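Pasting input_1.pdb here (PDB, C-alpha atoms and all ligand atoms):
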```pdb
ATOM      1  CA  MET A   1     107.407  54.721  24.074
ATOM      2  CA  GLY A   2     106.230  51.906  21.803
ATOM      3  CA  LEU A   3     102.704  51.993  23.204
ATOM      4  CA  CYS A   4     102.031  55.602  24.272
ATOM      5  CA  SER A   5     101.549  58.821  22.271
ATOM      6  CA  THR A   6     101.109  62.512  23.064
ATOM      7  CA  GLY A   7      97.939  63.029  25.124
ATOM      8  CA  ASP A   8      98.053  59.547  26.636
ATOM      9  CA  HIS A   9      98.187  58.840  30.352
ATOM     10  CA  ILE A  10     100.235  56.367  32.412
ATOM     11  CA  VAL A  11      99.580  55.218  35.968
ATOM     12  CA  ALA A  12     102.733  54.101  37.786
ATOM     13  CA  GLN A  13     103.639  53.178  41.307
ATOM     14  CA  ARG A  14     105.490  55.778  43.366
ATOM     15  CA  HIS A  15     108.211  53.547  44.792
ATOM     16  CA  ILE A  16     109.974  52.258  41.730
ATOM     17  CA  TYR A  17     113.545  51.813  40.410
ATOM     18  CA  SER A  18     115.069  55.319  40.174
ATOM     19  CA  GLY A  19     115.884  55.006  36.445
ATOM     20  CA  THR A  20     112.258  54.173  35.659
ATOM     21  CA  GLN A  21     111.088  57.054  37.831
ATOM     22  CA  LEU A  22     113.426  59.515  36.080
ATOM     23  CA  PHE A  23     112.085  58.353  32.710
ATOM     24  CA  LEU A  24     108.433  58.651  33.747
ATOM     25  CA  GLN A  25     108.909  61.956  35.584
ATOM     26  CA  GLY A  26     111.384  63.697  33.289
ATOM     27  CA  VAL A  27     111.046  62.257  29.781
ATOM     28  CA  CYS A  28     107.361  61.317  29.409
ATOM     29  CA  PRO A  29     106.048  64.874  30.114
ATOM     30  CA  ARG A  30     108.364  66.239  27.383
ATOM     31  CA  PHE A  31     106.442  64.068  24.917
ATOM     32  CA  GLY A  32     103.048  65.134  26.307
ATOM     33  CA  ILE A  33     102.497  61.852  28.148
ATOM     34  CA  ASP A  34     100.927  62.459  31.535
ATOM     35  CA  VAL A  35     101.994  60.241  34.465
ATOM     36  CA  THR A  36     100.165  59.755  37.785
ATOM     37  CA  PHE A  37     102.150  58.154  40.623
ATOM     38  CA  VAL A  38     100.287  56.199  43.317
ATOM     39  CA  ASP A  39     101.138  54.067  46.341
ATOM     40  CA  ALA A  40     100.588  50.637  44.809
ATOM     41  CA  THR A  41     100.850  48.853  48.167
ATOM     42  CA  LEU A  42      97.364  50.254  48.968
ATOM     43  CA  PRO A  43      94.461  48.219  47.527
ATOM     44  CA  GLY A  44      92.643  49.901  44.631
ATOM     45  CA  GLU A  45      95.142  52.781  44.132
ATOM     46  CA  LEU A  46      96.355  51.727  40.669
ATOM     47  CA  ALA A  47      92.843  51.008  39.367
ATOM     48  CA  GLY A  48      91.486  54.200  40.975
ATOM     49  CA  ALA A  49      93.953  56.402  39.050
ATOM     50  CA  VAL A  50      92.950  55.024  35.620
ATOM     51  CA  ARG A  51      91.287  57.640  33.387
ATOM     52  CA  PRO A  52      88.937  55.717  31.080
ATOM     53  CA  GLY A  53      89.803  56.328  27.429
ATOM     54  CA  ARG A  54      93.075  58.132  28.269
ATOM     55  CA  THR A  55      95.159  55.730  30.338
ATOM     56  CA  VAL A  56      97.172  53.480  28.039
ATOM     57  CA  LEU A  57      99.521  51.848  30.536
ATOM     58  CA  VAL A  58      99.477  50.871  34.214
ATOM     59  CA  LEU A  59     103.007  50.072  35.391
ATOM     60  CA  ALA A  60     104.056  48.385  38.625
ATOM     61  CA  GLU A  61     107.285  46.944  40.001
ATOM     62  CA  THR A  62     107.129  44.090  42.498
ATOM     63  CA  PRO A  63     109.049  43.496  44.688
ATOM     64  CA  ALA A  64     110.044  47.162  44.374
ATOM     65  CA  ASN A  65     113.578  48.506  44.494
ATOM     66  CA  PRO A  66     114.932  49.003  47.170
ATOM     67  CA  GLN A  67     112.384  48.597  50.000
ATOM     68  CA  LEU A  68     110.731  45.396  48.696
ATOM     69  CA  ALA A  69     107.188  46.779  48.734
ATOM     70  CA  LEU A  70     104.768  44.483  46.905
ATOM     71  CA  THR A  71     101.968  45.092  44.418
ATOM     72  CA  ASP A  72      99.058  42.641  44.289
ATOM     73  CA  LEU A  73      99.403  40.975  40.862
ATOM     74  CA  ASP A  74      95.757  39.759  40.873
ATOM     75  CA  GLU A  75      94.592  43.366  41.328
ATOM     76  CA  LEU A  76      96.922  44.642  38.612
ATOM     77  CA  GLY A  77      95.887  41.883  36.197
ATOM     78  CA  ALA A  78      92.182  42.617  36.796
ATOM     79  CA  ILE A  79      92.441  46.223  35.559
ATOM     80  CA  GLY A  80      90.529  46.386  32.277
ATOM     81  CA  GLY A  81      91.179  48.898  29.443
ATOM     82  CA  PRO A  82      94.834  49.974  29.585
ATOM     83  CA  PHE A  83      97.776  47.613  29.156
ATOM     84  CA  THR A  84      99.060  46.396  32.491
ATOM     85  CA  ALA A  85     102.813  45.905  32.921
ATOM     86  CA  VAL A  86     105.058  44.752  35.728
ATOM     87  CA  ASP A  87     108.811  45.023  36.217
ATOM     88  CA  SER A  88     109.488  41.607  37.759
ATOM     89  CA  THR A  89     113.308  41.959  37.861
ATOM     90  CA  PHE A  90     113.703  41.297  41.604
ATOM     91  CA  ALA A  91     111.587  38.139  41.407
ATOM     92  CA  THR A  92     112.827  36.527  38.175
ATOM     93  CA  PRO A  93     110.401  34.080  36.461
ATOM     94  CA  ILE A  94     111.267  31.459  39.107
ATOM     95  CA  VAL A  95     109.706  33.429  41.967
ATOM     96  CA  GLN A  96     106.534  34.768  40.317
ATOM     97  CA  ARG A  97     104.622  34.483  37.037
ATOM     98  CA  PRO A  98     102.692  37.723  36.473
ATOM     99  CA  HIS A  99     101.025  36.549  33.217
ATOM    100  CA  ASP A 100      99.238  33.845  35.262
ATOM    101  CA  HIS A 101      97.593  36.735  37.167
ATOM    102  CA  GLY A 102      96.361  38.402  33.961
ATOM    103  CA  VAL A 103      99.137  41.006  33.598
ATOM    104  CA  ASP A 104      99.704  41.875  29.900
ATOM    105  CA  VAL A 105     103.397  42.771  29.792
ATOM    106  CA  VAL A 106     106.281  41.535  31.950
ATOM    107  CA  LEU A 107     109.658  43.282  32.032
ATOM    108  CA  HIS A 108     112.976  42.102  33.427
ATOM    109  CA  SER A 109     116.367  43.680  33.621
ATOM    110  CA  ALA A 110     118.082  40.431  32.566
ATOM    111  CA  THR A 111     121.338  42.139  33.557
ATOM    112  CA  LYS A 112     120.353  40.921  37.040
ATOM    113  CA  GLY A 113     119.169  37.416  38.009
ATOM    114  CA  ILE A 114     118.390  36.051  34.548
ATOM    115  CA  ALA A 115     121.912  36.448  33.108
ATOM    116  CA  GLY A 116     122.994  36.131  36.725
ATOM    117  CA  HIS A 117     126.771  36.662  36.587
ATOM    118  CA  ASN A 118     127.255  40.456  36.438
ATOM    119  CA  ASP A 119     128.686  40.170  32.924
ATOM    120  CA  ALA A 120     125.834  41.177  30.611
ATOM    121  CA  THR A 121     123.491  44.122  30.016
ATOM    122  CA  LEU A 122     120.191  42.758  28.736
ATOM    123  CA  GLY A 123     116.435  43.231  28.981
ATOM    124  CA  VAL A 124     113.438  40.951  28.550
ATOM    125  CA  ILE A 125     109.866  41.841  27.637
ATOM    126  CA  THR A 126     107.120  39.217  27.367
ATOM    127  CA  GLY A 127     103.489  39.476  26.316
ATOM    128  CA  ALA A 128     101.086  38.926  23.431
ATOM    129  CA  ALA A 129     102.519  39.209  19.902
ATOM    130  CA  ASP A 130     100.649  42.433  18.952
ATOM    131  CA  VAL A 131     101.926  44.307  22.022
ATOM    132  CA  LEU A 132     105.461  43.045  21.520
ATOM    133  CA  ASP A 133     105.377  43.995  17.804
ATOM    134  CA  ALA A 134     104.670  47.622  18.759
ATOM    135  CA  VAL A 135     107.446  47.653  21.350
ATOM    136  CA  TRP A 136     109.912  45.823  19.083
ATOM    137  CA  SER A 137     109.444  48.221  16.142
ATOM    138  CA  TYR A 138     110.076  51.202  18.403
ATOM    139  CA  SER A 139     113.069  49.580  20.096
ATOM    140  CA  ILE A 140     114.778  48.982  16.728
ATOM    141  CA  LEU A 141     114.443  52.679  15.861
ATOM    142  CA  HIS A 142     115.567  53.655  19.353
ATOM    143  CA  GLY A 143     118.723  51.561  19.010
ATOM    144  CA  ALA A 144     118.391  49.385  22.100
ATOM    145  CA  CYS A 145     120.164  46.220  21.034
ATOM    146  CA  ALA A 146     121.784  43.355  22.949
ATOM    147  CA  SER A 147     125.404  42.757  21.950
ATOM    148  CA  PRO A 148     126.100  39.189  20.721
ATOM    149  CA  PHE A 149     128.552  38.628  23.593
ATOM    150  CA  ASP A 150     126.025  39.763  26.216
ATOM    151  CA  ALA A 151     123.325  37.622  24.590
ATOM    152  CA  MET A 152     125.661  34.595  24.770
ATOM    153  CA  ASN A 153     126.378  35.296  28.453
ATOM    154  CA  GLY A 154     122.628  35.602  29.082
ATOM    155  CA  LEU A 155     121.894  32.243  27.446
ATOM    156  CA  ARG A 156     124.665  30.598  29.459
ATOM    157  CA  GLY A 157     123.450  32.202  32.702
ATOM    158  CA  ILE A 158     119.775  31.301  32.332
ATOM    159  CA  ARG A 159     120.554  27.551  32.357
ATOM    160  CA  THR A 160     121.246  27.707  36.091
ATOM    161  CA  LEU A 161     118.550  30.250  36.987
ATOM    162  CA  PRO A 162     116.265  27.920  39.025
ATOM    163  CA  VAL A 163     119.042  26.480  41.209
ATOM    164  CA  ARG A 164     120.610  29.894  41.747
ATOM    165  CA  VAL A 165     117.289  31.474  42.769
ATOM    166  CA  GLU A 166     116.396  28.600  45.108
ATOM    167  CA  ARG A 167     119.785  28.775  46.852
ATOM    168  CA  GLN A 168     119.835  32.592  46.993
ATOM    169  CA  SER A 169     116.301  32.652  48.427
ATOM    170  CA  ALA A 170     117.164  30.078  51.107
ATOM    171  CA  THR A 171     120.280  32.042  52.115
ATOM    172  CA  ALA A 172     118.396  35.354  52.013
ATOM    173  CA  LEU A 173     115.716  34.044  54.393
ATOM    174  CA  ARG A 174     118.396  32.781  56.831
ATOM    175  CA  LEU A 175     120.198  36.140  56.628
ATOM    176  CA  ALA A 176     116.948  38.091  57.113
ATOM    177  CA  GLU A 177     116.250  36.135  60.323
ATOM    178  CA  TRP A 178     119.838  36.642  61.471
ATOM    179  CA  PHE A 179     119.754  40.427  60.835
ATOM    180  CA  GLU A 180     116.413  40.689  62.676
ATOM    181  CA  GLY A 181     118.072  39.432  65.872
ATOM    182  CA  HIS A 182     121.026  41.854  65.705
ATOM    183  CA  PRO A 183     121.025  44.905  68.073
ATOM    184  CA  ALA A 184     122.506  47.247  65.403
ATOM    185  CA  VAL A 185     119.473  46.621  63.153
ATOM    186  CA  THR A 186     116.117  48.380  63.565
ATOM    187  CA  SER A 187     114.139  46.545  60.878
ATOM    188  CA  VAL A 188     114.474  43.996  58.100
ATOM    189  CA  ARG A 189     112.393  43.760  54.933
ATOM    190  CA  TYR A 190     112.163  40.398  53.205
ATOM    191  CA  PRO A 191     108.964  39.156  51.499
ATOM    192  CA  HIS A 192     108.964  35.678  53.079
ATOM    193  CA  LEU A 193     109.789  36.966  56.571
ATOM    194  CA  ALA A 194     106.715  36.904  58.857
ATOM    195  CA  SER A 195     107.319  40.573  59.812
ATOM    196  CA  HIS A 196     107.004  41.844  56.202
ATOM    197  CA  PRO A 197     103.915  44.101  56.164
ATOM    198  CA  GLN A 198     102.588  42.264  53.084
ATOM    199  CA  HIS A 199     103.673  38.770  54.132
ATOM    200  CA  GLN A 200     100.343  37.102  53.218
ATOM    201  CA  LEU A 201     100.491  38.594  49.721
ATOM    202  CA  ALA A 202     104.137  37.507  49.391
ATOM    203  CA  LYS A 203     103.207  33.926  50.273
ATOM    204  CA  ARG A 204     100.314  34.009  47.789
ATOM    205  CA  GLN A 205     102.151  35.298  44.716
ATOM    206  CA  MET A 206     105.838  34.476  45.306
ATOM    207  CA  SER A 207     107.042  30.836  45.400
ATOM    208  CA  TYR A 208     110.318  31.936  46.997
ATOM    209  CA  GLY A 209     111.294  35.119  48.846
ATOM    210  CA  GLY A 210     113.938  36.017  46.239
ATOM    211  CA  GLY A 211     117.572  36.983  46.687
ATOM    212  CA  ILE A 212     117.199  40.616  47.834
ATOM    213  CA  LEU A 213     116.660  41.935  51.344
ATOM    214  CA  ALA A 214     116.685  45.396  52.908
ATOM    215  CA  VAL A 215     118.078  46.093  56.360
ATOM    216  CA  ASP A 216     117.738  49.337  58.358
ATOM    217  CA  LEU A 217     120.717  50.159  60.566
ATOM    218  CA  ALA A 218     120.137  52.021  63.826
ATOM    219  CA  GLY A 219     123.124  54.302  63.171
ATOM    220  CA  GLY A 220     121.544  55.948  60.088
ATOM    221  CA  ARG A 221     123.586  57.329  57.181
ATOM    222  CA  PRO A 222     127.079  57.105  58.808
ATOM    223  CA  ALA A 223     126.426  53.497  59.861
ATOM    224  CA  GLY A 224     125.319  52.637  56.310
ATOM    225  CA  GLN A 225     128.556  54.036  54.906
ATOM    226  CA  ARG A 226     130.741  52.241  57.503
ATOM    227  CA  PHE A 227     128.921  48.981  56.856
ATOM    228  CA  VAL A 228     129.340  48.919  53.064
ATOM    229  CA  GLU A 229     133.019  49.895  53.456
ATOM    230  CA  SER A 230     133.654  47.224  56.120
ATOM    231  CA  VAL A 231     132.331  44.072  54.446
ATOM    232  CA  ARG A 232     135.079  41.828  53.036
ATOM    233  CA  LEU A 233     133.357  38.800  51.521
ATOM    234  CA  ALA A 234     130.385  40.798  50.246
ATOM    235  CA  ARG A 235     131.185  43.717  47.961
ATOM    236  CA  MET A 236     129.848  47.226  47.584
ATOM    237  CA  ALA A 237     128.205  47.544  44.146
ATOM    238  CA  ALA A 238     124.951  48.874  42.739
ATOM    239  CA  THR A 239     123.831  45.897  40.667
ATOM    240  CA  LEU A 240     122.124  42.724  41.923
ATOM    241  CA  GLY A 241     121.271  39.109  41.121
ATOM    242  CA  GLY A 242     124.816  37.765  40.560
ATOM    243  CA  PRO A 243     126.852  35.023  42.266
ATOM    244  CA  GLU A 244     128.629  37.472  44.617
ATOM    245  CA  THR A 245     126.775  39.047  47.521
ATOM    246  CA  LEU A 246     126.550  42.808  46.915
ATOM    247  CA  VAL A 247     125.594  45.576  49.329
ATOM    248  CA  THR A 248     124.532  49.183  48.721
ATOM    249  CA  SER A 249     123.638  52.108  50.931
ATOM    250  CA  PRO A 250     121.148  54.154  48.845
ATOM    251  CA  ALA A 251     121.434  57.206  51.181
ATOM    252  CA  ASN A 252     125.184  57.337  50.452
ATOM    253  CA  SER A 253     125.072  56.478  46.744
ATOM    254  CA  THR A 254     122.031  56.569  44.425
ATOM    255  CA  HIS A 255     120.043  58.873  46.758
ATOM    256  CA  VAL A 256     122.933  60.887  48.286
ATOM    257  CA  ALA A 257     121.434  64.217  47.149
ATOM    258  CA  LEU A 258     118.304  63.724  49.309
ATOM    259  CA  SER A 259     117.975  65.093  52.868
ATOM    260  CA  ASP A 260     116.833  62.706  55.627
ATOM    261  CA  THR A 261     113.283  64.123  55.323
ATOM    262  CA  GLU A 262     113.269  63.624  51.551
ATOM    263  CA  LEU A 263     114.601  60.100  52.024
ATOM    264  CA  GLU A 264     111.814  59.348  54.469
ATOM    265  CA  ALA A 265     109.254  60.626  51.927
ATOM    266  CA  ALA A 266     110.787  58.284  49.339
ATOM    267  CA  GLY A 267     110.363  55.431  51.829
ATOM    268  CA  ILE A 268     114.121  54.952  52.216
ATOM    269  CA  GLY A 269     115.555  54.995  55.727
ATOM    270  CA  PRO A 270     118.934  56.821  56.053
ATOM    271  CA  GLY A 271     120.503  53.605  57.375
ATOM    272  CA  LEU A 272     118.953  51.328  54.735
ATOM    273  CA  ILE A 273     121.238  48.658  53.269
ATOM    274  CA  ARG A 274     120.149  46.635  50.243
ATOM    275  CA  VAL A 275     121.697  43.179  50.138
ATOM    276  CA  SER A 276     121.741  41.136  46.933
ATOM    277  CA  VAL A 277     122.478  37.629  48.155
ATOM    278  CA  GLY A 278     124.940  35.570  46.138
ATOM    279  CA  LEU A 279     125.985  31.929  46.243
ATOM    280  CA  GLU A 280     128.393  32.013  49.197
ATOM    281  CA  HIS A 281     127.789  29.861  52.291
ATOM    282  CA  VAL A 282     125.418  31.521  54.746
ATOM    283  CA  ASP A 283     127.876  31.053  57.652
ATOM    284  CA  ASP A 284     130.584  32.954  55.767
ATOM    285  CA  LEU A 285     128.106  35.767  55.098
ATOM    286  CA  THR A 286     126.917  36.058  58.722
ATOM    287  CA  ALA A 287     130.582  36.098  59.838
ATOM    288  CA  ASP A 288     131.312  38.920  57.384
ATOM    289  CA  PHE A 289     128.161  40.906  58.253
ATOM    290  CA  GLY A 290     128.678  40.355  61.993
ATOM    291  CA  ARG A 291     132.154  41.831  61.775
ATOM    292  CA  ALA A 292     130.965  44.776  59.632
ATOM    293  CA  LEU A 293     128.076  45.547  62.012
ATOM    294  CA  GLY A 294     130.473  45.366  64.961
TER     295      GLY A 294
HETATM  296  C1  LIG A 301     113.782  46.810  39.160
HETATM  297  C2  LIG A 301     114.777  47.243  38.122
HETATM  298  N1  LIG A 301     114.382  47.398  36.852
HETATM  299  C3  LIG A 301     115.244  47.817  35.896
HETATM  300  C4  LIG A 301     116.552  48.096  36.183
HETATM  301  C5  LIG A 301     117.454  48.568  35.058
HETATM  302  O1  LIG A 301     118.349  47.605  34.700
HETATM  303  P1  LIG A 301     119.430  47.798  33.517
HETATM  304  O2  LIG A 301     120.488  48.661  34.106
HETATM  305  O3  LIG A 301     119.874  46.431  33.222
HETATM  306  O4  LIG A 301     118.715  48.454  32.384
HETATM  307  C6  LIG A 301     117.027  47.965  37.494
HETATM  308  C7  LIG A 301     118.421  48.273  37.839
HETATM  309  O5  LIG A 301     118.825  48.291  38.976
HETATM  310  C8  LIG A 301     116.109  47.519  38.487
HETATM  311  O6  LIG A 301     116.493  47.369  39.772
END
```
Could you write out this structure as structure tokens?
Ligand SMILES: Cc1ncc(COP(=O)(O)O)c(C=O)c1O
Amino acid sequence: MGLCSTGDHIVAQRHIYSGTQLFLQGVCPRFGIDVTFVDATLPGELAGAVRPGRTVLVLAETPANPQLALTDLDELGAIGGPFTAVDSTFATPIVQRPHDHGVDVVLHSATKGIAGHNDATLGVITGAADVLDAVWSYSILHGACASPFDAMNGLRGIRTLPVRVERQSATALRLAEWFEGHPAVTSVRYPHLASHPQHQLAKRQMSYGGGILAVDLAGGRPAGQRFVESVRLARMAATLGGPETLVTSPANSTHVALSDTELEAAGIGPGLIRVSVGLEHVDDLTADFGRALG
């Protein structure tokens, strides 16, 4: 809203955090801002949707919530003309550095890994001073403002960000491999797992695999519900990036209104479980998940 005006055009990726999608799909058109959604996992799709002279912003999210699809940051950064922006929440600045790839604006929900303790609601935007000035002036009018207590929690949390991300990534990779060998699981998505469809890209632009993985359960929607209700060490909650391992079943929570066909179109399997890996010992987590899957 700080950068775009009536008549402008935005290109955004189709698989994106649901709050962002609701904003782009529902709010932007009310202000006469046109949005084109593309599959950003396909080479050239973002650049191909740019309308010269009209497109003001190209927005990606990588890894994307919840299926961990990746966007090529070199390709995004090479788009000339509009501002390029990436929501890098799942990665945190420890896993990837989009500005190094030429991306203009980087966004984080610092509520997640950056503050890192599920006790703050914060956001981060980084970029050149002129872009940030435009966004900052609008955000003051809009009223988005970090509370002093949340800001203090964020500053305390960020001190341990590198060690938390390294440990969470190591545990997440071990868990991803463990889930892949379990008979109740049909597929696992984790960027640094060899079976990830964009594994080469993940290795190129992500120093670690990050703390989030997605697991598809063979039993579909009912299995997803049983699983999130059965875990004891992990907890069922919609946020991510904190010290406790959290699990969600999108088909039974955020996306409960969608039919199985609609879920499939959104790229979300009915049995999909998103796991935000915390700081517990990996053996305790596999014991908990093994029991819940059983
Ligand atoms: C990728 C991504 N971006 C943004 C947000 C929004 O975060 P907040 O609720 O802190 O505004 C979320 C929340 O889940 C997210 O997953």
Separation of CA of Asp150 (chain A) and CA of Pro162 (chain A), in Å? 20.0 Å
Produce a table with one row for each residue of region 30-70 of chain A that has an atom at most 12 Å from any atom of region 229-250 of chain A, each row naming the nearest atom pair and its distance in Å at one decimal; use all atoms listed in the file; arrange rows by chain and rising residue number; format as JSON lines.
```
{"residue": "A:Asn65", "atom": "CA", "partner": "A:Pro250", "partner_atom": "CA", "distance": 10.4}
{"residue": "A:Pro66", "atom": "CA", "partner": "A:Pro250", "partner_atom": "CA", "distance": 8.2}
{"residue": "A:Gln67", "atom": "CA", "partner": "A:Pro250", "partner_atom": "CA", "distance": 10.4}
```
Quick one: residues within 7 Å of ligand LIG 301 (chain A), with all atoms listed in the file, as a compact mmCIF listing (two decimals) with C-alpha atoms, in the coordinates of the input?
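Result file follows (out08.txt):
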```txt
# COMPACT_ATOMS: atom_id res chain seq x y z
CA TYR A 17 113.54 51.81 40.41
CA GLY A 19 115.88 55.01 36.44
CA GLU A 61 107.28 46.94 40.00
CA ALA A 64 110.04 47.16 44.37
CA ASN A 65 113.58 48.51 44.49
CA ASP A 87 108.81 45.02 36.22
CA SER A 88 109.49 41.61 37.76
CA THR A 89 113.31 41.96 37.86
CA PHE A 90 113.70 41.30 41.60
CA HIS A 108 112.98 42.10 33.43
CA SER A 109 116.37 43.68 33.62
CA ALA A 110 118.08 40.43 32.57
CA THR A 111 121.34 42.14 33.56
CA LYS A 112 120.35 40.92 37.04
CA THR A 121 123.49 44.12 30.02
CA LEU A 122 120.19 42.76 28.74
CA GLY A 123 116.44 43.23 28.98
CA THR A 239 123.83 45.90 40.67
```
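For the atom pair formed by CA of Ala91 (chain A) and CA of Gly210 (chain A), the distance is 5.8 Å, given to one decimal.
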Thr171 (chain A) surroundings by all atoms listed in the file, 12 Å radius, close-in-sequence under 3 positions cut, as JSON, numbers by chain: {"A": [164, 165, 166, 167, 168, 174, 175, 176, 177, 178, 190, 192, 208, 209, 210, 211, 212, 213, 245, 275, 276, 277, 278, 279, 280, 281, 282, 283, 284, 285, 286]}
Å distance separating CA of Gly224 (chain A) from CA of Ser18 (chain A), one decimal place: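 So the two atoms, CA of Gly224 (chain A) and CA of Ser18 (chain A), lie 19.3 Å apart.
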Hey, could you patch up region 4-11 of chain A with all heavy atoms and hand it over as a short mmCIF file (atom, residue, chain, number, x, y, z; two decimals), in the frame of the given file?
```cif
data_model
loop_
_atom_site.label_atom_id
_atom_site.label_comp_id
_atom_site.auth_asym_id
_atom_site.auth_seq_id
_atom_site.Cartn_x
_atom_site.Cartn_y
_atom_site.Cartn_z
N CYS A 4 102.69 54.35 23.89
CA CYS A 4 102.03 55.60 24.27
C CYS A 4 102.34 56.73 23.29
O CYS A 4 103.43 56.79 22.72
CB CYS A 4 102.48 56.04 25.67
SG CYS A 4 102.04 54.85 26.93
N SER A 5 101.39 57.65 23.15
CA SER A 5 101.55 58.82 22.27
C SER A 5 101.17 60.08 23.05
O SER A 5 100.59 59.99 24.14
CB SER A 5 100.64 58.71 21.05
OG SER A 5 100.85 57.48 20.40
N THR A 6 101.46 61.23 22.45
CA THR A 6 101.11 62.51 23.06
C THR A 6 99.62 62.52 23.43
O THR A 6 98.79 62.10 22.63
CB THR A 6 101.40 63.66 22.06
OG1 THR A 6 102.78 63.58 21.73
CG2 THR A 6 101.09 65.02 22.67
N GLY A 7 99.33 62.97 24.67
CA GLY A 7 97.94 63.03 25.12
C GLY A 7 97.54 61.80 25.93
O GLY A 7 96.51 61.81 26.60
N ASP A 8 98.37 60.76 25.87
CA ASP A 8 98.05 59.55 26.64
C ASP A 8 98.44 59.72 28.11
O ASP A 8 99.18 60.64 28.48
CB ASP A 8 98.79 58.32 26.06
CG ASP A 8 98.20 57.88 24.73
OD1 ASP A 8 97.06 58.31 24.42
OD2 ASP A 8 98.87 57.11 24.01
N HIS A 9 97.97 58.79 28.90
CA HIS A 9 98.19 58.84 30.35
C HIS A 9 98.71 57.50 30.85
O HIS A 9 98.28 56.45 30.37
CB HIS A 9 96.84 59.17 31.03
CG HIS A 9 96.87 59.17 32.52
ND1 HIS A 9 96.09 58.31 33.28
CD2 HIS A 9 97.58 59.91 33.41
CE1 HIS A 9 96.32 58.54 34.56
NE2 HIS A 9 97.22 59.51 34.67
N ILE A 10 99.67 57.57 31.79
CA ILE A 10 100.24 56.37 32.41
C ILE A 10 99.98 56.44 33.92
O ILE A 10 100.12 57.52 34.51
CB ILE A 10 101.77 56.29 32.17
CG1 ILE A 10 102.07 56.14 30.68
CG2 ILE A 10 102.40 55.14 32.96
CD1 ILE A 10 103.56 56.16 30.34
N VAL A 11 99.63 55.32 34.50
CA VAL A 11 99.58 55.22 35.97
C VAL A 11 100.78 54.36 36.38
O VAL A 11 100.99 53.28 35.81
CB VAL A 11 98.27 54.55 36.46
CG1 VAL A 11 98.29 54.38 37.97
CG2 VAL A 11 97.06 55.35 36.01
#
```
